[in-house]
Amino acid sequence: MTTNFAFTGDDDAASVSSKQLVLLASICSGILMCKLVYDFAAYISPLRFNAYPKLDSKVRMEWNNRGFSTFHAVFVSVASIYLLVISDQFDENVHGDSVVNSTTSLSEAVMGISLGYFIADLTMIFWHFPTLGGIEYVFHHCLSMFSIILSVTSGQAQFYIFIVLLSEATTPFVNLRWYLDTSGQKCSKAYTLNGISLFLGWLVARILLFIYYFVHMYFHFHQVKQVFPLGFYSLLTVAPVLSVMNLLWFWKITKGLIKTISKARHRE
């Protein structure tokens, strides 16, 4: 499958204007997506989950918020797998050393939708602070938005951005753990199985995948050096910071899983 690529350095005014419109429309679509899923979660949850009506307003708000974060995670994970694995956008056999500069309307639209999600979620985090998350979530979202903005506006380093976005694949497991806990099912078999899935998913998507990120960057550093200065240094700094955060969260997940399995065995 062959895709038409646009590369940075295109001075055509119409092309730039079209790119800006795609980005703006994508960001708005991401924000609208969050609103629609939030409202859908608020509508369907009382009909499907007996625990929902018994929750106080702040917990119900977080319940709905996690609905659109799960939806975004599934969307961006599927999109990242398609762009990284299925399409030829980042295929070195096709594009050689130009991969670091590879960009398409599709990849820009996906990043724009993710920007819309991060804007919507960060707005809710600030508005209800610290109910939806502490300073670490603010820091994580700001770093993610900063990196995406640099990549989508420059058209560079999108391969590495989508590797990081693929790590969002762990979010549904994190949210399911919260849903089960909030619904009073912390002692259920589903909670234990989800904990194991979260541990394995986190290991693959946020530990091993980041190792691949650094190894790939090391062996393709001649390409990475083509990135404009701010983007270049962000590639060298943002991912390591996110990796440290992922390792700290992984340690907490591991301790929680050990505790959950121990309790399950004790009950048996």
# chains A, B, ... in the order shown; residues from 1 in each chain; ligands from 1

call {"tool": "select_by_dssp", "arguments": {"residues": "stretch 36-227 of chain A", "states": "alpha helix (DSSP H)", "output": "short mmCIF file (atom, residue, chain, number, x, y, z; two decimals) with N, CA, C and O atoms, in the first residue's frame"}}
result
data_model
loop_
_atom_site.label_atom_id
_atom_site.label_comp_id
_atom_site.auth_asym_id
_atom_site.auth_seq_id
_atom_site.Cartn_x
_atom_site.Cartn_y
_atom_site.Cartn_z
N LEU A 36 -19.16 14.16 23.63
CA LEU A 36 -20.19 13.19 23.26
C LEU A 36 -20.08 11.91 24.08
O LEU A 36 -21.09 11.37 24.55
N VAL A 37 -18.86 11.42 24.27
CA VAL A 37 -18.67 10.18 25.03
C VAL A 37 -19.00 10.42 26.50
O VAL A 37 -19.58 9.55 27.17
N TYR A 38 -18.63 11.59 27.01
CA TYR A 38 -18.96 11.94 28.41
C TYR A 38 -20.47 11.90 28.61
O TYR A 38 -20.98 11.31 29.58
N ASP A 39 -21.21 12.54 27.70
CA ASP A 39 -22.67 12.58 27.82
C ASP A 39 -23.27 11.19 27.64
O ASP A 39 -24.24 10.82 28.31
N PHE A 40 -22.69 10.40 26.72
CA PHE A 40 -23.20 9.03 26.51
C PHE A 40 -22.98 8.19 27.75
O PHE A 40 -23.88 7.42 28.15
N ALA A 41 -21.83 8.33 28.38
CA ALA A 41 -21.55 7.59 29.62
C ALA A 41 -22.52 7.99 30.72
O ALA A 41 -23.00 7.13 31.48
N ALA A 42 -22.81 9.29 30.81
CA ALA A 42 -23.76 9.76 31.83
C ALA A 42 -25.16 9.22 31.57
O ALA A 42 -25.94 8.99 32.51
N TYR A 43 -25.51 9.01 30.28
CA TYR A 43 -26.84 8.52 29.93
C TYR A 43 -26.96 7.00 30.13
O TYR A 43 -27.95 6.52 30.71
N ILE A 44 -25.96 6.25 29.65
CA ILE A 44 -26.07 4.79 29.63
C ILE A 44 -25.73 4.15 30.97
O ILE A 44 -26.25 3.09 31.31
N SER A 45 -24.86 4.78 31.75
CA SER A 45 -24.38 4.15 32.99
C SER A 45 -25.49 3.86 34.00
O SER A 45 -25.50 2.77 34.59
N PRO A 46 -26.45 4.78 34.23
CA PRO A 46 -27.53 4.45 35.18
C PRO A 46 -28.39 3.29 34.72
O PRO A 46 -29.01 2.60 35.54
N LEU A 47 -28.44 3.06 33.40
CA LEU A 47 -29.27 2.00 32.86
C LEU A 47 -28.58 0.64 32.91
O LEU A 47 -29.25 -0.39 32.96
N ARG A 48 -27.24 0.64 32.92
CA ARG A 48 -26.48 -0.60 32.82
C ARG A 48 -25.75 -0.99 34.11
O ARG A 48 -25.39 -2.16 34.27
N SER A 57 -21.89 12.99 43.18
CA SER A 57 -21.73 13.71 41.91
C SER A 57 -20.29 13.75 41.43
O SER A 57 -20.01 13.63 40.23
N LYS A 58 -19.32 13.89 42.35
CA LYS A 58 -17.92 13.94 41.94
C LYS A 58 -17.44 12.61 41.38
O LYS A 58 -16.70 12.57 40.39
N VAL A 59 -17.88 11.53 42.00
CA VAL A 59 -17.48 10.20 41.52
C VAL A 59 -18.13 9.90 40.18
O VAL A 59 -17.51 9.32 39.29
N ARG A 60 -19.40 10.30 40.02
CA ARG A 60 -20.07 10.11 38.72
C ARG A 60 -19.37 10.91 37.63
O ARG A 60 -19.24 10.46 36.50
N MET A 61 -18.91 12.11 37.99
CA MET A 61 -18.18 12.92 37.03
C MET A 61 -16.89 12.23 36.60
O MET A 61 -16.55 12.19 35.41
N GLU A 62 -16.18 11.64 37.56
CA GLU A 62 -14.95 10.92 37.22
C GLU A 62 -15.27 9.68 36.40
O GLU A 62 -14.52 9.32 35.49
N TRP A 63 -16.37 9.01 36.72
CA TRP A 63 -16.82 7.84 35.96
C TRP A 63 -16.99 8.20 34.49
O TRP A 63 -16.50 7.50 33.59
N ASN A 64 -17.68 9.30 34.23
CA ASN A 64 -17.92 9.73 32.85
C ASN A 64 -16.63 10.19 32.18
O ASN A 64 -16.42 9.94 30.98
N ASN A 65 -15.78 10.86 32.94
CA ASN A 65 -14.50 11.31 32.42
C ASN A 65 -13.64 10.13 31.96
O ASN A 65 -13.01 10.18 30.89
N ARG A 66 -13.64 9.08 32.75
CA ARG A 66 -12.86 7.90 32.39
C ARG A 66 -13.45 7.20 31.17
O ARG A 66 -12.76 6.45 30.48
N GLY A 67 -14.72 7.44 30.90
CA GLY A 67 -15.34 6.89 29.70
C GLY A 67 -14.69 7.45 28.44
O GLY A 67 -14.32 6.69 27.54
N PHE A 68 -14.52 8.78 28.40
CA PHE A 68 -13.92 9.32 27.17
C PHE A 68 -12.41 9.13 27.13
O PHE A 68 -11.82 9.10 26.04
N SER A 69 -11.76 8.97 28.29
CA SER A 69 -10.32 8.66 28.25
C SER A 69 -10.10 7.25 27.72
O SER A 69 -9.13 6.99 27.00
N THR A 70 -11.02 6.34 28.05
CA THR A 70 -10.93 4.98 27.51
C THR A 70 -11.17 4.97 26.01
O THR A 70 -10.45 4.31 25.25
N PHE A 71 -12.17 5.73 25.57
CA PHE A 71 -12.49 5.80 24.14
C PHE A 71 -11.29 6.35 23.36
O PHE A 71 -10.91 5.80 22.32
N HIS A 72 -10.69 7.41 23.86
CA HIS A 72 -9.52 7.99 23.20
C HIS A 72 -8.37 7.00 23.15
O HIS A 72 -7.67 6.87 22.14
N ALA A 73 -8.15 6.28 24.26
CA ALA A 73 -7.05 5.32 24.33
C ALA A 73 -7.20 4.23 23.27
O ALA A 73 -6.23 3.86 22.60
N VAL A 74 -8.41 3.72 23.12
CA VAL A 74 -8.66 2.68 22.11
C VAL A 74 -8.44 3.26 20.71
O VAL A 74 -7.77 2.64 19.86
N PHE A 75 -8.99 4.44 20.48
CA PHE A 75 -8.85 5.08 19.16
C PHE A 75 -7.40 5.32 18.80
O PHE A 75 -6.94 4.94 17.71
N VAL A 76 -6.63 5.96 19.70
CA VAL A 76 -5.26 6.33 19.36
C VAL A 76 -4.35 5.11 19.29
O VAL A 76 -3.37 5.09 18.53
N SER A 77 -4.66 4.06 20.05
CA SER A 77 -3.86 2.83 19.99
C SER A 77 -4.04 2.14 18.64
O SER A 77 -3.06 1.71 18.02
N VAL A 78 -5.29 2.03 18.19
CA VAL A 78 -5.56 1.42 16.89
C VAL A 78 -4.92 2.25 15.77
O VAL A 78 -4.28 1.70 14.86
N ALA A 79 -5.06 3.58 15.85
CA ALA A 79 -4.49 4.45 14.84
C ALA A 79 -2.96 4.34 14.82
O ALA A 79 -2.34 4.32 13.74
N SER A 80 -2.35 4.26 16.00
CA SER A 80 -0.89 4.16 16.07
C SER A 80 -0.40 2.84 15.49
O SER A 80 0.61 2.81 14.76
N ILE A 81 -1.08 1.75 15.79
CA ILE A 81 -0.70 0.45 15.23
C ILE A 81 -0.81 0.48 13.71
O ILE A 81 0.07 -0.02 13.00
N GLU A 92 11.17 2.15 6.21
CA GLU A 92 12.47 2.60 5.71
C GLU A 92 12.78 2.02 4.34
O GLU A 92 13.56 2.61 3.58
N ASN A 93 12.21 0.86 4.02
CA ASN A 93 12.44 0.28 2.71
C ASN A 93 11.80 1.11 1.60
O ASN A 93 12.20 1.04 0.44
N VAL A 94 10.80 1.91 2.00
CA VAL A 94 10.11 2.77 1.03
C VAL A 94 10.68 4.18 1.03
O VAL A 94 10.91 4.77 -0.02
N HIS A 95 10.95 4.71 2.22
CA HIS A 95 11.31 6.12 2.34
C HIS A 95 12.74 6.38 2.80
O HIS A 95 13.17 7.53 2.84
N SER A 105 -1.79 13.63 6.02
CA SER A 105 -2.99 14.24 6.59
C SER A 105 -3.60 13.35 7.68
O SER A 105 -4.12 13.84 8.68
N LEU A 106 -3.50 12.02 7.47
CA LEU A 106 -4.06 11.09 8.46
C LEU A 106 -3.30 11.18 9.78
O LEU A 106 -3.91 11.27 10.84
N SER A 107 -1.97 11.14 9.72
CA SER A 107 -1.19 11.19 10.97
C SER A 107 -1.39 12.52 11.67
O SER A 107 -1.48 12.57 12.91
N GLU A 108 -1.50 13.61 10.91
CA GLU A 108 -1.74 14.92 11.51
C GLU A 108 -3.12 14.99 12.15
O GLU A 108 -3.30 15.57 13.22
N ALA A 109 -4.11 14.36 11.50
CA ALA A 109 -5.47 14.35 12.04
C ALA A 109 -5.53 13.57 13.35
O ALA A 109 -6.19 13.98 14.31
N VAL A 110 -4.85 12.43 13.39
CA VAL A 110 -4.83 11.61 14.61
C VAL A 110 -4.20 12.39 15.76
O VAL A 110 -4.73 12.40 16.88
N MET A 111 -3.08 13.05 15.49
CA MET A 111 -2.43 13.84 16.54
C MET A 111 -3.30 15.01 16.96
O MET A 111 -3.34 15.38 18.14
N GLY A 112 -4.02 15.61 16.00
CA GLY A 112 -4.92 16.69 16.34
C GLY A 112 -6.05 16.24 17.25
O GLY A 112 -6.41 16.93 18.21
N ILE A 113 -6.61 15.07 16.96
CA ILE A 113 -7.67 14.52 17.82
C ILE A 113 -7.14 14.25 19.21
O ILE A 113 -7.82 14.51 20.22
N SER A 114 -5.91 13.72 19.30
CA SER A 114 -5.30 13.49 20.61
C SER A 114 -5.07 14.80 21.35
O SER A 114 -5.26 14.87 22.57
N LEU A 115 -4.66 15.84 20.62
CA LEU A 115 -4.52 17.15 21.24
C LEU A 115 -5.85 17.62 21.82
O LEU A 115 -5.91 18.17 22.93
N GLY A 116 -6.93 17.42 21.04
CA GLY A 116 -8.26 17.79 21.53
C GLY A 116 -8.62 17.05 22.80
O GLY A 116 -9.18 17.63 23.74
N TYR A 117 -8.28 15.75 22.84
CA TYR A 117 -8.53 14.97 24.06
C TYR A 117 -7.75 15.52 25.25
O TYR A 117 -8.30 15.72 26.33
N PHE A 118 -6.44 15.75 25.06
CA PHE A 118 -5.62 16.24 26.16
C PHE A 118 -6.09 17.61 26.65
O PHE A 118 -6.07 17.90 27.85
N ILE A 119 -6.54 18.46 25.72
CA ILE A 119 -7.07 19.77 26.11
C ILE A 119 -8.32 19.61 26.95
O ILE A 119 -8.48 20.25 28.00
N ALA A 120 -9.25 18.76 26.49
CA ALA A 120 -10.50 18.54 27.21
C ALA A 120 -10.25 17.94 28.59
O ALA A 120 -10.81 18.38 29.60
N ASP A 121 -9.39 16.92 28.63
CA ASP A 121 -9.12 16.24 29.90
C ASP A 121 -8.37 17.16 30.87
O ASP A 121 -8.68 17.20 32.07
N LEU A 122 -7.40 17.90 30.34
CA LEU A 122 -6.63 18.81 31.20
C LEU A 122 -7.53 19.92 31.74
O LEU A 122 -7.38 20.34 32.90
N THR A 123 -8.47 20.39 30.93
CA THR A 123 -9.41 21.41 31.39
C THR A 123 -10.24 20.88 32.55
O THR A 123 -10.44 21.58 33.56
N MET A 124 -10.72 19.65 32.44
CA MET A 124 -11.51 19.06 33.52
C MET A 124 -10.65 18.82 34.76
O MET A 124 -11.12 19.01 35.89
N ILE A 125 -9.39 18.43 34.55
CA ILE A 125 -8.49 18.21 35.69
C ILE A 125 -8.29 19.51 36.47
O ILE A 125 -8.36 19.55 37.70
N PHE A 126 -8.05 20.60 35.74
CA PHE A 126 -7.87 21.90 36.39
C PHE A 126 -9.15 22.35 37.09
O PHE A 126 -9.12 22.86 38.21
N TRP A 127 -10.29 22.17 36.40
CA TRP A 127 -11.57 22.66 36.92
C TRP A 127 -11.98 21.93 38.20
O TRP A 127 -12.55 22.52 39.10
N ILE A 135 -0.85 16.60 40.43
CA ILE A 135 0.09 17.34 39.60
C ILE A 135 0.80 16.45 38.59
O ILE A 135 1.20 16.90 37.51
N GLU A 136 0.92 15.15 38.92
CA GLU A 136 1.61 14.25 37.98
C GLU A 136 0.82 14.09 36.68
O GLU A 136 1.40 13.95 35.60
N TYR A 137 -0.53 14.14 36.77
CA TYR A 137 -1.34 14.05 35.57
C TYR A 137 -1.24 15.33 34.75
O TYR A 137 -1.21 15.28 33.51
N VAL A 138 -1.20 16.46 35.43
CA VAL A 138 -1.02 17.74 34.74
C VAL A 138 0.32 17.74 34.00
O VAL A 138 0.41 18.13 32.83
N PHE A 139 1.36 17.28 34.69
CA PHE A 139 2.70 17.24 34.10
C PHE A 139 2.73 16.32 32.89
O PHE A 139 3.28 16.66 31.83
N HIS A 140 2.11 15.14 33.02
CA HIS A 140 2.06 14.16 31.93
C HIS A 140 1.34 14.74 30.72
O HIS A 140 1.82 14.63 29.58
N HIS A 141 0.18 15.35 30.94
CA HIS A 141 -0.59 15.90 29.84
C HIS A 141 0.13 17.06 29.16
O HIS A 141 0.12 17.17 27.92
N CYS A 142 0.76 17.91 29.94
CA CYS A 142 1.48 19.06 29.37
C CYS A 142 2.67 18.60 28.52
O CYS A 142 2.90 19.13 27.42
N LEU A 143 3.40 17.61 29.00
CA LEU A 143 4.52 17.07 28.22
C LEU A 143 4.01 16.44 26.92
O LEU A 143 4.61 16.64 25.85
N SER A 144 2.92 15.71 27.01
CA SER A 144 2.36 15.05 25.83
C SER A 144 1.90 16.09 24.80
O SER A 144 2.20 15.96 23.60
N MET A 145 1.20 17.11 25.26
CA MET A 145 0.72 18.15 24.36
C MET A 145 1.88 18.91 23.72
O MET A 145 1.86 19.20 22.52
N PHE A 146 2.89 19.22 24.50
CA PHE A 146 4.07 19.93 24.00
C PHE A 146 4.73 19.14 22.87
O PHE A 146 5.04 19.69 21.81
N SER A 147 4.92 17.84 23.09
CA SER A 147 5.58 17.00 22.09
C SER A 147 4.73 16.87 20.82
O SER A 147 5.26 16.93 19.70
N ILE A 148 3.43 16.67 20.99
CA ILE A 148 2.55 16.52 19.83
C ILE A 148 2.51 17.81 19.02
O ILE A 148 2.57 17.78 17.78
N ILE A 149 2.42 18.95 19.70
CA ILE A 149 2.37 20.24 19.00
C ILE A 149 3.63 20.46 18.17
O ILE A 149 3.58 20.87 17.00
N LEU A 150 4.79 20.17 18.75
CA LEU A 150 6.05 20.32 18.01
C LEU A 150 6.08 19.43 16.78
O LEU A 150 6.50 19.85 15.70
N SER A 151 5.61 18.21 16.92
CA SER A 151 5.68 17.25 15.82
C SER A 151 4.67 17.56 14.72
O SER A 151 5.01 17.52 13.54
N VAL A 152 3.45 17.89 15.11
CA VAL A 152 2.41 18.09 14.10
C VAL A 152 2.62 19.40 13.34
O VAL A 152 2.28 19.51 12.16
N THR A 153 3.19 20.41 14.00
CA THR A 153 3.42 21.69 13.32
C THR A 153 4.67 21.65 12.44
O THR A 153 4.75 22.34 11.43
N SER A 154 5.64 20.84 12.82
CA SER A 154 6.88 20.75 12.04
C SER A 154 6.83 19.64 11.00
O SER A 154 7.56 19.67 10.01
N GLN A 158 7.31 12.15 13.79
CA GLN A 158 5.99 11.59 14.12
C GLN A 158 6.07 10.10 14.45
O GLN A 158 5.24 9.58 15.20
N PHE A 159 7.07 9.41 13.91
CA PHE A 159 7.27 8.00 14.26
C PHE A 159 7.40 7.85 15.77
O PHE A 159 6.76 6.96 16.38
N TYR A 160 8.19 8.68 16.41
CA TYR A 160 8.42 8.58 17.85
C TYR A 160 7.20 9.03 18.65
O TYR A 160 6.93 8.49 19.72
N ILE A 161 6.47 9.99 18.11
CA ILE A 161 5.25 10.44 18.78
C ILE A 161 4.24 9.31 18.85
O ILE A 161 3.59 9.07 19.88
N PHE A 162 4.10 8.56 17.75
CA PHE A 162 3.11 7.48 17.74
C PHE A 162 3.54 6.28 18.58
O PHE A 162 2.69 5.54 19.08
N ILE A 163 4.83 6.09 18.77
CA ILE A 163 5.28 5.07 19.71
C ILE A 163 4.81 5.43 21.12
O ILE A 163 4.30 4.59 21.87
N VAL A 164 4.96 6.71 21.47
CA VAL A 164 4.53 7.16 22.80
C VAL A 164 3.01 7.10 22.92
O VAL A 164 2.48 6.68 23.95
N LEU A 165 2.29 7.51 21.87
CA LEU A 165 0.83 7.47 21.91
C LEU A 165 0.31 6.03 22.03
O LEU A 165 -0.75 5.80 22.63
N LEU A 166 1.05 5.08 21.48
CA LEU A 166 0.65 3.67 21.59
C LEU A 166 0.63 3.20 23.05
O LEU A 166 -0.09 2.26 23.40
N THR A 171 -4.44 2.44 29.20
CA THR A 171 -5.47 3.24 29.88
C THR A 171 -6.77 2.49 30.14
O THR A 171 -7.35 2.60 31.23
N PRO A 172 -7.30 1.70 29.18
CA PRO A 172 -8.53 0.96 29.47
C PRO A 172 -8.41 0.04 30.68
O PRO A 172 -9.38 -0.12 31.45
N PHE A 173 -7.25 -0.58 30.88
CA PHE A 173 -7.06 -1.45 32.05
C PHE A 173 -7.02 -0.65 33.35
O PHE A 173 -7.56 -1.09 34.37
N VAL A 174 -6.39 0.52 33.30
CA VAL A 174 -6.36 1.40 34.47
C VAL A 174 -7.78 1.83 34.84
O VAL A 174 -8.18 1.79 36.01
N ASN A 175 -8.55 2.22 33.83
CA ASN A 175 -9.91 2.68 34.08
C ASN A 175 -10.82 1.55 34.53
O ASN A 175 -11.68 1.75 35.40
N LEU A 176 -10.64 0.36 33.95
CA LEU A 176 -11.47 -0.78 34.37
C LEU A 176 -11.19 -1.13 35.83
O LEU A 176 -12.13 -1.48 36.57
N ARG A 177 -9.94 -1.04 36.24
CA ARG A 177 -9.63 -1.29 37.65
C ARG A 177 -10.38 -0.31 38.54
O ARG A 177 -10.94 -0.68 39.59
N TRP A 178 -10.41 0.96 38.14
CA TRP A 178 -11.12 1.98 38.92
C TRP A 178 -12.62 1.70 38.92
O TRP A 178 -13.28 1.81 39.96
N TYR A 179 -13.18 1.33 37.76
CA TYR A 179 -14.61 1.03 37.68
C TYR A 179 -14.98 -0.14 38.60
O TYR A 179 -15.99 -0.09 39.31
N LEU A 180 -14.19 -1.19 38.57
CA LEU A 180 -14.48 -2.36 39.40
C LEU A 180 -14.37 -2.02 40.88
O LEU A 180 -15.20 -2.45 41.70
N ASP A 181 -13.36 -1.25 41.23
CA ASP A 181 -13.19 -0.84 42.62
C ASP A 181 -14.36 0.02 43.07
O ASP A 181 -14.93 -0.18 44.15
N THR A 182 -14.75 0.99 42.24
CA THR A 182 -15.84 1.90 42.58
C THR A 182 -17.17 1.17 42.66
O THR A 182 -18.05 1.55 43.44
N LYS A 189 -13.04 -11.88 40.76
CA LYS A 189 -12.05 -12.49 39.88
C LYS A 189 -11.70 -11.56 38.73
O LYS A 189 -10.55 -11.52 38.27
N ALA A 190 -12.69 -10.78 38.28
CA ALA A 190 -12.46 -9.84 37.18
C ALA A 190 -11.41 -8.80 37.57
O ALA A 190 -10.58 -8.40 36.75
N TYR A 191 -11.46 -8.37 38.83
CA TYR A 191 -10.48 -7.37 39.30
C TYR A 191 -9.07 -7.94 39.27
O TYR A 191 -8.12 -7.27 38.85
N THR A 192 -8.94 -9.20 39.70
CA THR A 192 -7.63 -9.85 39.70
C THR A 192 -7.11 -10.05 38.29
O THR A 192 -5.94 -9.76 37.99
N LEU A 193 -7.98 -10.54 37.39
CA LEU A 193 -7.57 -10.75 36.00
C LEU A 193 -7.20 -9.44 35.32
O LEU A 193 -6.24 -9.38 34.54
N ASN A 194 -7.96 -8.40 35.62
CA ASN A 194 -7.63 -7.09 35.05
C ASN A 194 -6.30 -6.57 35.59
O ASN A 194 -5.52 -5.95 34.84
N GLY A 195 -6.01 -6.86 36.86
CA GLY A 195 -4.73 -6.45 37.43
C GLY A 195 -3.56 -7.12 36.74
O GLY A 195 -2.53 -6.49 36.47
N ILE A 196 -3.73 -8.41 36.42
CA ILE A 196 -2.68 -9.14 35.69
C ILE A 196 -2.52 -8.56 34.28
O ILE A 196 -1.41 -8.36 33.79
N SER A 197 -3.66 -8.27 33.63
CA SER A 197 -3.62 -7.69 32.29
C SER A 197 -2.97 -6.31 32.30
O SER A 197 -2.19 -5.98 31.39
N LEU A 198 -3.26 -5.52 33.33
CA LEU A 198 -2.66 -4.20 33.46
C LEU A 198 -1.15 -4.31 33.63
O LEU A 198 -0.37 -3.56 33.00
N PHE A 199 -0.72 -5.25 34.46
CA PHE A 199 0.71 -5.46 34.69
C PHE A 199 1.42 -5.82 33.38
O PHE A 199 2.45 -5.23 33.03
N LEU A 200 0.86 -6.79 32.66
CA LEU A 200 1.48 -7.23 31.41
C LEU A 200 1.42 -6.14 30.34
O LEU A 200 2.40 -5.90 29.60
N GLY A 201 0.27 -5.47 30.26
CA GLY A 201 0.12 -4.40 29.28
C GLY A 201 1.07 -3.25 29.54
O GLY A 201 1.67 -2.70 28.62
N TRP A 202 1.23 -2.90 30.83
CA TRP A 202 2.14 -1.82 31.19
C TRP A 202 3.59 -2.20 30.88
O TRP A 202 4.37 -1.39 30.39
N LEU A 209 8.22 -0.98 25.20
CA LEU A 209 8.04 -0.12 24.03
C LEU A 209 8.93 1.12 24.11
O LEU A 209 9.47 1.58 23.09
N PHE A 210 9.13 1.65 25.32
CA PHE A 210 10.01 2.80 25.48
C PHE A 210 11.47 2.40 25.30
O PHE A 210 12.28 3.19 24.81
N ILE A 211 11.80 1.18 25.69
CA ILE A 211 13.16 0.69 25.42
C ILE A 211 13.39 0.63 23.91
O ILE A 211 14.45 1.03 23.41
N TYR A 212 12.39 0.13 23.19
CA TYR A 212 12.48 0.11 21.73
C TYR A 212 12.64 1.52 21.17
O TYR A 212 13.42 1.74 20.23
N TYR A 213 11.93 2.48 21.75
CA TYR A 213 12.03 3.90 21.35
C TYR A 213 13.48 4.36 21.42
O TYR A 213 14.01 4.94 20.46
N PHE A 214 14.14 4.09 22.55
CA PHE A 214 15.51 4.57 22.75
C PHE A 214 16.50 3.81 21.85
O PHE A 214 17.44 4.41 21.31
N VAL A 215 16.28 2.50 21.69
CA VAL A 215 17.16 1.71 20.84
C VAL A 215 17.04 2.17 19.38
O VAL A 215 18.04 2.34 18.68
N HIS A 216 15.81 2.37 18.94
CA HIS A 216 15.59 2.83 17.57
C HIS A 216 16.24 4.20 17.35
O HIS A 216 16.88 4.44 16.32
N MET A 217 16.08 5.09 18.32
CA MET A 217 16.68 6.42 18.20
C MET A 217 18.19 6.34 18.13
O MET A 217 18.84 7.07 17.36
N TYR A 218 18.78 5.43 18.90
CA TYR A 218 20.23 5.27 18.91
C TYR A 218 20.75 4.84 17.54
O TYR A 218 21.73 5.39 17.03
N PHE A 219 20.08 3.85 16.93
CA PHE A 219 20.54 3.33 15.65
C PHE A 219 20.13 4.21 14.47
O PHE A 219 20.58 4.00 13.35
N PHE A 221 20.19 7.73 14.78
CA PHE A 221 20.48 9.06 15.27
C PHE A 221 20.84 10.02 14.13
O PHE A 221 20.65 11.23 14.25
N HIS A 222 21.34 9.49 13.03
CA HIS A 222 21.64 10.35 11.88
C HIS A 222 20.37 10.96 11.31
O HIS A 222 20.40 12.06 10.74
N GLN A 223 19.23 10.26 11.47
CA GLN A 223 17.95 10.83 11.07
C GLN A 223 17.43 11.80 12.12
O GLN A 223 16.90 12.86 11.79
N VAL A 224 17.56 11.41 13.37
CA VAL A 224 17.06 12.25 14.46
C VAL A 224 17.71 13.63 14.43
O VAL A 224 17.07 14.64 14.73
#

call {"tool": "residues_around", "arguments": {"residues": "stretch 226-228 of chain A", "least_positions_apart": "5", "cutoff": "8 Å", "atoms": "only C-alpha atoms", "output": "PDB file with all heavy atoms, in the first residue's frame"}}
result
ATOM      1  N   VAL A 100      11.994  10.252   9.219  1.00  0.00           N
ATOM      2  CA  VAL A 100      11.871  11.199  10.319  1.00  0.00           C
ATOM      3  C   VAL A 100      11.079  12.430   9.897  1.00  0.00           C
ATOM      4  O   VAL A 100      10.515  13.138  10.735  1.00  0.00           O
ATOM      5  CB  VAL A 100      13.263  11.610  10.841  1.00  0.00           C
ATOM      6  CG1 VAL A 100      13.972  12.542   9.859  1.00  0.00           C
ATOM      7  CG2 VAL A 100      13.159  12.278  12.210  1.00  0.00           C
ATOM      8  N   ASN A 101      11.017  12.702   8.596  1.00  0.00           N
ATOM      9  CA  ASN A 101      10.270  13.851   8.078  1.00  0.00           C
ATOM     10  C   ASN A 101       8.920  13.459   7.483  1.00  0.00           C
ATOM     11  O   ASN A 101       8.246  14.284   6.880  1.00  0.00           O
ATOM     12  CB  ASN A 101      11.088  14.566   6.999  1.00  0.00           C
ATOM     13  CG  ASN A 101      12.345  15.198   7.557  1.00  0.00           C
ATOM     14  OD1 ASN A 101      12.319  15.794   8.620  1.00  0.00           O
ATOM     15  ND2 ASN A 101      13.452  15.060   6.840  1.00  0.00           N
ATOM     16  N   GLN A 156       7.752  16.616  11.684  1.00  0.00           N
ATOM     17  CA  GLN A 156       8.921  15.787  11.945  1.00  0.00           C
ATOM     18  C   GLN A 156       8.709  14.896  13.173  1.00  0.00           C
ATOM     19  O   GLN A 156       7.901  15.193  14.046  1.00  0.00           O
ATOM     20  CB  GLN A 156      10.159  16.660  12.162  1.00  0.00           C
ATOM     21  CG  GLN A 156      10.590  17.439  10.935  1.00  0.00           C
ATOM     22  CD  GLN A 156      11.885  18.184  11.158  1.00  0.00           C
ATOM     23  OE1 GLN A 156      12.008  18.995  12.078  1.00  0.00           O
ATOM     24  NE2 GLN A 156      12.882  17.924  10.306  1.00  0.00           N
ATOM     25  N   ALA A 157       9.476  13.800  13.213  1.00  0.00           N
ATOM     26  CA  ALA A 157       9.552  12.898  14.371  1.00  0.00           C
ATOM     27  C   ALA A 157       8.211  12.274  14.746  1.00  0.00           C
ATOM     28  O   ALA A 157       8.010  11.882  15.892  1.00  0.00           O
ATOM     29  CB  ALA A 157      10.136  13.638  15.571  1.00  0.00           C
TER      30      ALA A 157
END

call {"tool": "atom_distance", "arguments": {"atom1": "atom CA of A:Asn50", "atom2": "atom CA of A:Gly134"}}
result
28.6 Å

call {"tool": "decode", "arguments": {"residues": "stretch 217-223 of chain A", "atoms": "N, CA and C atoms", "output": "tab-separated table (two decimals), in the first residue's frame"}}
result
chain	number	residue	atom	x	y	z
A	217	MET	N	16.08	5.09	18.32
A	217	MET	CA	16.68	6.42	18.20
A	217	MET	C	18.19	6.34	18.13
A	218	TYR	N	18.78	5.43	18.90
A	218	TYR	CA	20.23	5.27	18.91
A	218	TYR	C	20.75	4.84	17.54
A	219	PHE	N	20.08	3.85	16.93
A	219	PHE	CA	20.54	3.33	15.65
A	219	PHE	C	20.13	4.21	14.47
A	220	HIS	N	19.25	5.20	14.71
A	220	HIS	CA	18.82	6.11	13.64
A	220	HIS	C	19.11	7.55	14.02
A	221	PHE	N	20.19	7.73	14.78
A	221	PHE	CA	20.48	9.06	15.27
A	221	PHE	C	20.84	10.02	14.13
A	222	HIS	N	21.34	9.49	13.03
A	222	HIS	CA	21.64	10.35	11.88
A	222	HIS	C	20.37	10.96	11.31
A	223	GLN	N	19.23	10.26	11.47
A	223	GLN	CA	17.95	10.83	11.07
A	223	GLN	C	17.43	11.80	12.12
